[in-house]
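Heads up, the thing below is written out as structure tokens.
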Amino acid sequence: MMAISTFRSPNTVLANAVEDAVDVLRPRISDSDIENVSFSVGTQINGHPHLGTHLVQSLAFLLAERARDEFGLDTGVEFCALDNSPAETTNFDGRRYQRAYAHHLGADAISSLVARHYLPLFDACRARTNVPYTVTTYTRQQATPAFRAEFLRTLELLDEIGTWLSPNSGTAHIRLPCPECGWAEKYADRTRLLELDDAGGLFEAHCFEHGRHEADITPLGGGYVDLATLYRNVVKERSYRPGDRTLHVMVKGGDWAFGCQLVDGAHAVLGLPAGPLPVRIFTPQILGSDGGKLSKSLLREAADTGPAPDDTTPAWLLDPSAWPGTQEDYLEALTGLGELVLSDPRHFFRSYTTTALEHLMSTRRPATHDSQAKRPRTMPIYRQYFDLIAKGEKTVEVRVAYESMKRIRVGDLINFTCRESSCLTKVTRIGKYRTFGEMFGTERVEAVNPHATEAEQLEAIHAIFPPHKEALGVLTFEIERVDPR
Ligand SMILES: [Zn+2]
């Protein structure tokens with residue numbers, strides 16, 4: 001079995017450029033009046049989620065936690081259930097039609113599907129990270145004036161963006177479901193924009209059963225607008241308001257790194273949007289033994305044909321309900337995996353085979369809560385302080401009382417890291433204070449830093465942590481070095 005301590009990842013272009021995965025946000029945060037960061041994660045609603053889906057979602061929470069602790073900003077997760085994914089398809093007269101889950105199931109069934117497959121994970125992630133989340137659906141998103149107004153703006157250059165969004169046909173897939181039955185042309189071949197002016201966009205579309213229908217799309221209504229994946233992302237990424245002091249981050253599975261080439265082509269055609277474009281973070285892909293992405297279509301094939309598509313793929317990777325333990329264990333192993341992946345950008349900006357994941361998650365599957373507590377926690381630290389800890393001269397580490405810090409207990413292992421170096425320590429005592437000043441009333445100044453006076457240390461600490469961070473409270477960890485054998 002692969003031991004975590006020997007787990008290595010190769011260097012990659014992006015991993016080489018940053019010290020932490022959330023560093024990719026830093027250029028946008030340091031250079032603006034950003035007050036909070038919203039991590040968006042969208043998931044196609046089509047039956048059982050698989051591990052890849054859950055991994056992207058739990059990473060959204062862990063990234064939000066890390067960004068909050070690193071940048072001192074409020075962060076949250078915005079989950080969008082993409083209920084416009086096709087539930088049924090059919091051919092008629094040589095054309096392909098589809099009906100989305102939203103029309104096939106209805107809003108109530110979508111809600112209960114989300115509650116069953118996703119909310120237990122989100123609630124567990126919120127409890128662990130104290131990152132709040134919201135849930136929406138594509139159906140609600142496309143109904144918002146912001147989304148629809150942005151969609152209407154893209155129509156002025158519909159032919160030009162069509163060559164990016166649908167390079168083969170040049171026709172962007174705008175699906176306007178039949179108001180009678182909810183079926184829509186998959187490739188929108190007979191959907192036409194008839195008029196576009198200040199009154200909105202007037203379309204005609206065809207239903208195989210109910211014939212021609214018109215849709216007069218405005219920011220306020222006019223019918224359901226179902227955009228194919230790339231188009232939806234273009235509109236969604238452009239629909240953020242200028243002046244909201246939020247940095248929007250799209251958390252996407254790694255395969256999007258390729259797809260975004262076309263999204264960016266459409267953005268270039270459309271020019272700069274009114275609001276800021278979001279940042280994208282691509283999460284690790286999960287690959288089968290042949291290097292293909294673990295996918296829901298594989299899962300469906302497996303369901304159709306019986307045996308697993310790949311004998312080496314354990315069932316729980318495709319269907320979390322097959323996990324050989326409690327749901328709590330699964331969530332614990334999943335977030336443990338997420339934390340491992342985030343502990344080093346080399347572990348984050350890469351892909352994993354199902355075999356590697358099976359090892360990693362099994363290794364991290366907690367037998368008891370005790371073994372969980374003994375897993376070292378990685379804590380990056382400035383070089384000056386790192387050297388003092390490594391020499392054993394600094395025995396008290398000071399942190400703002402973020403939720404992630406409050407989870408640390410006496411006896412826990414902390415692995416301090418600074419670039420390539422690391423130093424394993426054990427927590428022997430924890431102190432809690434309202435302010436840094438109050439802390440120095442109890443903690444020995446030379447245990448925090450033997451080379452600076454209390455006044456000098458307070459000046460440095462206040463420069464590093466602004467008042468709104470200090471307001472969260474102060475924690476001290478008395479540590480002793482552990483021989484890392
Ligand atoms: Zn119809």
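Residues are referred to by chain and number: the chain letter is A, B, ... according to the order shown in the structure tokens, the number counts from 1 in that chain, and ligands are numbered separately from 1 in the order shown.
With only C-alpha atoms and all ligand atoms as the atoms that count, the set of residues no farther than 8 Å from ligand 1 is Pro177, Cys178, Pro179, Glu180, Cys181, Gly182, Trp183, Ala184, His206, Cys207, Phe208, Glu209, His210 and Gly211 of chain A.
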Would you export the selected residues with C-alpha atoms as a PDB file, in the first residue's frame, please?
ATOM      1  CA  PRO A 177     -38.030  23.817 -25.460  1.00  0.00           C
ATOM      2  CA  CYS A 178     -41.537  23.430 -26.859  1.00  0.00           C
ATOM      3  CA  PRO A 179     -43.945  25.173 -24.491  1.00  0.00           C
ATOM      4  CA  GLU A 180     -46.327  22.215 -24.850  1.00  0.00           C
ATOM      5  CA  CYS A 181     -44.042  19.268 -24.155  1.00  0.00           C
ATOM      6  CA  GLY A 182     -40.569  20.529 -23.254  1.00  0.00           C
ATOM      7  CA  TRP A 183     -38.742  18.771 -26.106  1.00  0.00           C
ATOM      8  CA  ALA A 184     -36.106  20.813 -27.971  1.00  0.00           C
ATOM      9  CA  HIS A 206     -39.663  23.428 -34.017  1.00  0.00           C
ATOM     10  CA  CYS A 207     -41.111  20.553 -32.039  1.00  0.00           C
ATOM     11  CA  PHE A 208     -41.410  17.132 -33.699  1.00  0.00           C
ATOM     12  CA  GLU A 209     -44.902  16.838 -32.317  1.00  0.00           C
ATOM     13  CA  HIS A 210     -46.303  20.349 -31.941  1.00  0.00           C
ATOM     14  CA  GLY A 211     -44.652  22.040 -34.908  1.00  0.00           C
TER      15      GLY A 211
END
* To do: Write out as a ChimeraX atom specification which residues come within 10 Å of region 446-451 of chain A when counting only C-alpha atoms, dropping same-chain ones fewer than 3 positions away.
  => /A:384-385,388-389,392-398,440,443,454,456-457,476-478
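Residues of region 380-438 of chain A that DSSP places in strand (DSSP E), based on the backbone of this structure, are A:Pro380, A:Val396, A:Glu397, A:Val398, A:Arg399, A:Val400, A:Leu413, A:Ile414, A:Asn415, A:Phe416, A:Thr417, A:Cys418, A:Ser421, A:Ser422, A:Cys423, A:Leu424, A:Thr425, A:Lys426, A:Val427, A:Thr428, A:Arg429, A:Ile430, A:Gly431, A:Lys432, A:Tyr433.
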* Asked: Mind pulling up the distance from CA of Leu82 (chain A) to CA of Leu331 (chain A)?
  -> 22.7 Å
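Considering only C-alpha atoms, the residue among A:Ile217, A:Val77, A:Leu317, A:Ile110 positioned nearest to Ala143 (chain A) is A:Ile217.
CA of Arg350 (chain A) lies 9.1 Å from CA of Asn11 (chain A).
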* Shell around Leu193 (chain A) at 12 Å using only C-alpha atoms, local window under 6 positions removed, as a ChimeraX atom specification -> /A:152,155-159,171-176,200-205,214-217
Give me a file of those residues, with N, CA and C atoms, as a tab-separated table (two decimals), in the first residue's frame.
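Everything below was put into selection_22.tsv:
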chain	number	residue	atom	x	y	z
A	152	LEU	N	-28.76	37.89	-24.37
A	152	LEU	CA	-29.24	38.74	-25.47
A	152	LEU	C	-28.08	39.53	-26.08
A	155	LEU	N	-26.16	37.71	-28.67
A	155	LEU	CA	-26.83	37.43	-29.94
A	155	LEU	C	-26.41	38.40	-31.04
A	156	GLU	N	-25.89	39.57	-30.62
A	156	GLU	CA	-25.44	40.54	-31.64
A	156	GLU	C	-24.30	39.96	-32.46
A	157	LEU	N	-23.57	39.02	-31.90
A	157	LEU	CA	-22.44	38.41	-32.61
A	157	LEU	C	-22.63	36.90	-32.70
A	158	LEU	N	-23.88	36.50	-32.90
A	158	LEU	CA	-24.21	35.08	-32.84
A	158	LEU	C	-23.44	34.25	-33.87
A	159	ASP	N	-23.33	34.76	-35.10
A	159	ASP	CA	-22.61	33.98	-36.13
A	159	ASP	C	-21.13	33.83	-35.76
A	171	THR	N	-23.28	26.66	-35.80
A	171	THR	CA	-24.55	27.04	-35.17
A	171	THR	C	-24.47	26.81	-33.67
A	172	ALA	N	-24.48	27.90	-32.91
A	172	ALA	CA	-24.48	27.76	-31.46
A	172	ALA	C	-25.78	27.07	-31.03
A	173	HIS	N	-25.66	26.17	-30.07
A	173	HIS	CA	-26.85	25.38	-29.70
A	173	HIS	C	-27.69	26.12	-28.67
A	174	ILE	N	-28.67	26.85	-29.19
A	174	ILE	CA	-29.66	27.50	-28.34
A	174	ILE	C	-30.91	26.64	-28.39
A	175	ARG	N	-31.22	26.01	-27.28
A	175	ARG	CA	-32.38	25.10	-27.28
A	175	ARG	C	-33.55	25.79	-26.61
A	176	LEU	N	-34.62	25.92	-27.38
A	176	LEU	CA	-35.82	26.56	-26.86
A	176	LEU	C	-36.91	25.50	-26.78
A	200	GLY	N	-36.04	42.75	-27.50
A	200	GLY	CA	-35.61	41.39	-27.14
A	200	GLY	C	-35.20	40.59	-28.36
A	201	GLY	N	-35.11	39.29	-28.19
A	201	GLY	CA	-34.74	38.40	-29.28
A	201	GLY	C	-35.91	37.49	-29.61
A	202	LEU	N	-36.38	37.57	-30.86
A	202	LEU	CA	-37.50	36.74	-31.27
A	202	LEU	C	-36.98	35.53	-32.04
A	203	PHE	N	-37.30	34.34	-31.55
A	203	PHE	CA	-36.83	33.11	-32.17
A	203	PHE	C	-38.00	32.30	-32.71
A	204	GLU	N	-37.68	31.45	-33.69
A	204	GLU	CA	-38.61	30.38	-34.00
A	204	GLU	C	-37.88	29.05	-33.79
A	205	ALA	N	-38.64	28.06	-33.36
A	205	ALA	CA	-38.07	26.73	-33.16
A	205	ALA	C	-39.14	25.70	-33.52
A	214	GLU	N	-42.80	30.08	-31.41
A	214	GLU	CA	-41.96	31.27	-31.28
A	214	GLU	C	-41.64	31.52	-29.82
A	215	ALA	N	-40.48	32.10	-29.61
A	215	ALA	CA	-40.10	32.49	-28.25
A	215	ALA	C	-39.55	33.90	-28.32
A	216	ASP	N	-40.14	34.81	-27.59
A	216	ASP	CA	-39.71	36.20	-27.58
A	216	ASP	C	-38.93	36.43	-26.28
A	217	ILE	N	-37.61	36.24	-26.39
A	217	ILE	CA	-36.76	36.23	-25.20
A	217	ILE	C	-36.41	37.65	-24.77
* Which residues come within 12 Å of Thr53 (chain A), counting only C-alpha atoms, excluding same-chain residues fewer than 6 positions away, as a PyMOL selection string? -> chain A and resi 41-47+59-60+79+81+117-118+121+251-254+283-286+293-296+317-320+334
* To do: Identify, on the basis of only C-alpha atoms, every residue whose closest approach to Arg399 (chain A) does not exceed 9 Å; exclude the query and any residue fewer than 3 positions from it along the same chain; express the result as a PyMOL selection string.
  => chain A and resi 402+405+473-477
Could you write out that same residue set with N, CA, C and O atoms as a PDB file, in the first residue's frame?
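Written out: result_32.pdb:
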ATOM      1  N   TYR A 402      -9.061  30.922  12.911  1.00  0.00           N
ATOM      2  CA  TYR A 402      -9.947  30.443  11.851  1.00  0.00           C
ATOM      3  C   TYR A 402     -10.525  29.093  12.260  1.00  0.00           C
ATOM      4  O   TYR A 402      -9.948  28.385  13.084  1.00  0.00           O
ATOM      5  N   MET A 405      -8.181  26.274  12.195  1.00  0.00           N
ATOM      6  CA  MET A 405      -7.217  26.261  13.301  1.00  0.00           C
ATOM      7  C   MET A 405      -7.873  25.765  14.586  1.00  0.00           C
ATOM      8  O   MET A 405      -7.245  25.102  15.407  1.00  0.00           O
ATOM      9  N   GLY A 473     -10.114  36.293  16.927  1.00  0.00           N
ATOM     10  CA  GLY A 473      -9.496  35.659  18.089  1.00  0.00           C
ATOM     11  C   GLY A 473      -8.109  35.138  17.736  1.00  0.00           C
ATOM     12  O   GLY A 473      -7.723  35.091  16.576  1.00  0.00           O
ATOM     13  N   VAL A 474      -7.376  34.774  18.762  1.00  0.00           N
ATOM     14  CA  VAL A 474      -5.984  34.365  18.593  1.00  0.00           C
ATOM     15  C   VAL A 474      -5.770  33.002  19.243  1.00  0.00           C
ATOM     16  O   VAL A 474      -6.270  32.748  20.340  1.00  0.00           O
ATOM     17  N   LEU A 475      -5.068  32.141  18.534  1.00  0.00           N
ATOM     18  CA  LEU A 475      -4.720  30.825  19.087  1.00  0.00           C
ATOM     19  C   LEU A 475      -3.205  30.700  19.131  1.00  0.00           C
ATOM     20  O   LEU A 475      -2.509  31.176  18.237  1.00  0.00           O
ATOM     21  N   THR A 476      -2.711  30.064  20.188  1.00  0.00           N
ATOM     22  CA  THR A 476      -1.289  29.723  20.203  1.00  0.00           C
ATOM     23  C   THR A 476      -1.155  28.213  20.319  1.00  0.00           C
ATOM     24  O   THR A 476      -1.963  27.549  20.993  1.00  0.00           O
ATOM     25  N   PHE A 477      -0.180  27.683  19.618  1.00  0.00           N
ATOM     26  CA  PHE A 477       0.109  26.250  19.692  1.00  0.00           C
ATOM     27  C   PHE A 477       1.523  26.073  20.227  1.00  0.00           C
ATOM     28  O   PHE A 477       2.488  26.492  19.581  1.00  0.00           O
TER      29      PHE A 477
END
* Nearest to Lys426 (chain A), chosen from A:Arg96, A:Arg190, A:Arg409, A:His50, with only C-alpha atoms counted in the distances ->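 Ranked by minimum distance to Lys426 (chain A), first place goes to A:Arg409.
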At most 12 Å is the cut-off: for each residue in region 126-203 of chain A with any atom that close to an atom of region 238-241 of chain A, write down the nearest atom pair and the distance in Å rounded to one decimal, counting only C-alpha atoms, chain first then increasing number, as JSON lines.
{"residue": "A:Gln141", "atom": "CA", "partner": "A:Ser239", "partner_atom": "CA", "distance": 10.4}
{"residue": "A:Gln142", "atom": "CA", "partner": "A:Ser239", "partner_atom": "CA", "distance": 10.7}
{"residue": "A:Thr144", "atom": "CA", "partner": "A:Ser239", "partner_atom": "CA", "distance": 9.9}
{"residue": "A:Pro145", "atom": "CA", "partner": "A:Ser239", "partner_atom": "CA", "distance": 9.4}
{"residue": "A:Ala146", "atom": "CA", "partner": "A:Ser239", "partner_atom": "CA", "distance": 5.8}
{"residue": "A:Phe147", "atom": "CA", "partner": "A:Ser239", "partner_atom": "CA", "distance": 5.6}
{"residue": "A:Arg148", "atom": "CA", "partner": "A:Ser239", "partner_atom": "CA", "distance": 8.7}
{"residue": "A:Ala149", "atom": "CA", "partner": "A:Ser239", "partner_atom": "CA", "distance": 8.2}
{"residue": "A:Glu150", "atom": "CA", "partner": "A:Ser239", "partner_atom": "CA", "distance": 5.8}
{"residue": "A:Phe151", "atom": "CA", "partner": "A:Ser239", "partner_atom": "CA", "distance": 8.5}
{"residue": "A:Leu152", "atom": "CA", "partner": "A:Ser239", "partner_atom": "CA", "distance": 11.1}
{"residue": "A:Arg153", "atom": "CA", "partner": "A:Arg238", "partner_atom": "CA", "distance": 10.1}
{"residue": "A:Thr154", "atom": "CA", "partner": "A:Arg238", "partner_atom": "CA", "distance": 9.7}
Selection to disk with N, CA, C and O atoms, as a CSV table (one decimal), in the first residue's frame:
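Final output, again06.csv:
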chain,number,residue,atom,x,y,z
A,141,GLN,N,-31.1,29.8,-12.8
A,141,GLN,CA,-30.1,30.7,-13.3
A,141,GLN,C,-30.5,31.3,-14.7
A,141,GLN,O,-30.3,32.5,-14.8
A,142,GLN,N,-31.0,30.5,-15.6
A,142,GLN,CA,-31.4,31.1,-16.9
A,142,GLN,C,-32.6,32.0,-16.8
A,142,GLN,O,-32.8,32.8,-17.7
A,144,THR,N,-32.8,34.4,-14.5
A,144,THR,CA,-32.4,35.6,-13.9
A,144,THR,C,-32.2,36.7,-15.0
A,144,THR,O,-31.6,36.4,-16.1
A,145,PRO,N,-32.6,37.9,-14.7
A,145,PRO,CA,-32.3,39.0,-15.7
A,145,PRO,C,-30.9,39.1,-16.1
A,145,PRO,O,-30.6,39.4,-17.3
A,146,ALA,N,-30.0,38.9,-15.1
A,146,ALA,CA,-28.5,39.1,-15.4
A,146,ALA,C,-28.1,38.1,-16.5
A,146,ALA,O,-27.4,38.4,-17.5
A,147,PHE,N,-28.5,36.8,-16.4
A,147,PHE,CA,-28.2,35.8,-17.3
A,147,PHE,C,-28.8,36.1,-18.7
A,147,PHE,O,-28.2,36.0,-19.7
A,148,ARG,N,-30.1,36.4,-18.7
A,148,ARG,CA,-30.8,36.6,-19.9
A,148,ARG,C,-30.4,37.8,-20.7
A,148,ARG,O,-30.2,37.8,-21.9
A,149,ALA,N,-30.1,38.9,-19.9
A,149,ALA,CA,-29.6,40.1,-20.6
A,149,ALA,C,-28.2,39.9,-21.2
A,149,ALA,O,-28.0,40.3,-22.4
A,150,GLU,N,-27.4,39.1,-20.5
A,150,GLU,CA,-26.1,38.8,-21.1
A,150,GLU,C,-26.2,37.9,-22.3
A,150,GLU,O,-25.5,38.1,-23.3
A,151,PHE,N,-27.2,36.9,-22.2
A,151,PHE,CA,-27.4,36.1,-23.4
A,151,PHE,C,-27.9,36.9,-24.6
A,151,PHE,O,-27.4,36.8,-25.7
A,152,LEU,N,-28.8,37.9,-24.4
A,152,LEU,CA,-29.2,38.7,-25.5
A,152,LEU,C,-28.1,39.5,-26.1
A,152,LEU,O,-28.0,39.7,-27.3
A,153,ARG,N,-27.2,40.0,-25.2
A,153,ARG,CA,-26.0,40.7,-25.8
A,153,ARG,C,-25.2,39.9,-26.7
A,153,ARG,O,-24.6,40.3,-27.7
A,154,THR,N,-25.0,38.6,-26.3
A,154,THR,CA,-24.2,37.7,-27.2
A,154,THR,C,-24.8,37.5,-28.6
A,154,THR,O,-24.1,37.2,-29.5
* Got a sec: who's within 10 Å of Leu165 (chain A), counting only C-alpha atoms, leaving out chain neighbours fewer than 2 positions off, as a list in words? ->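 Non-adjacent residues within range: Leu158, Asp159, Glu160, Ile161, Gly162, Thr163, Pro167, Asn168, Ser169, Gly170, Thr171, Ala172, His173, Ala228, Thr229, Leu230, Tyr231, Arg232, Val234, Gly259, Gln261, Leu262, Val263, Asp264, Gly265 and Ala266 of chain A.
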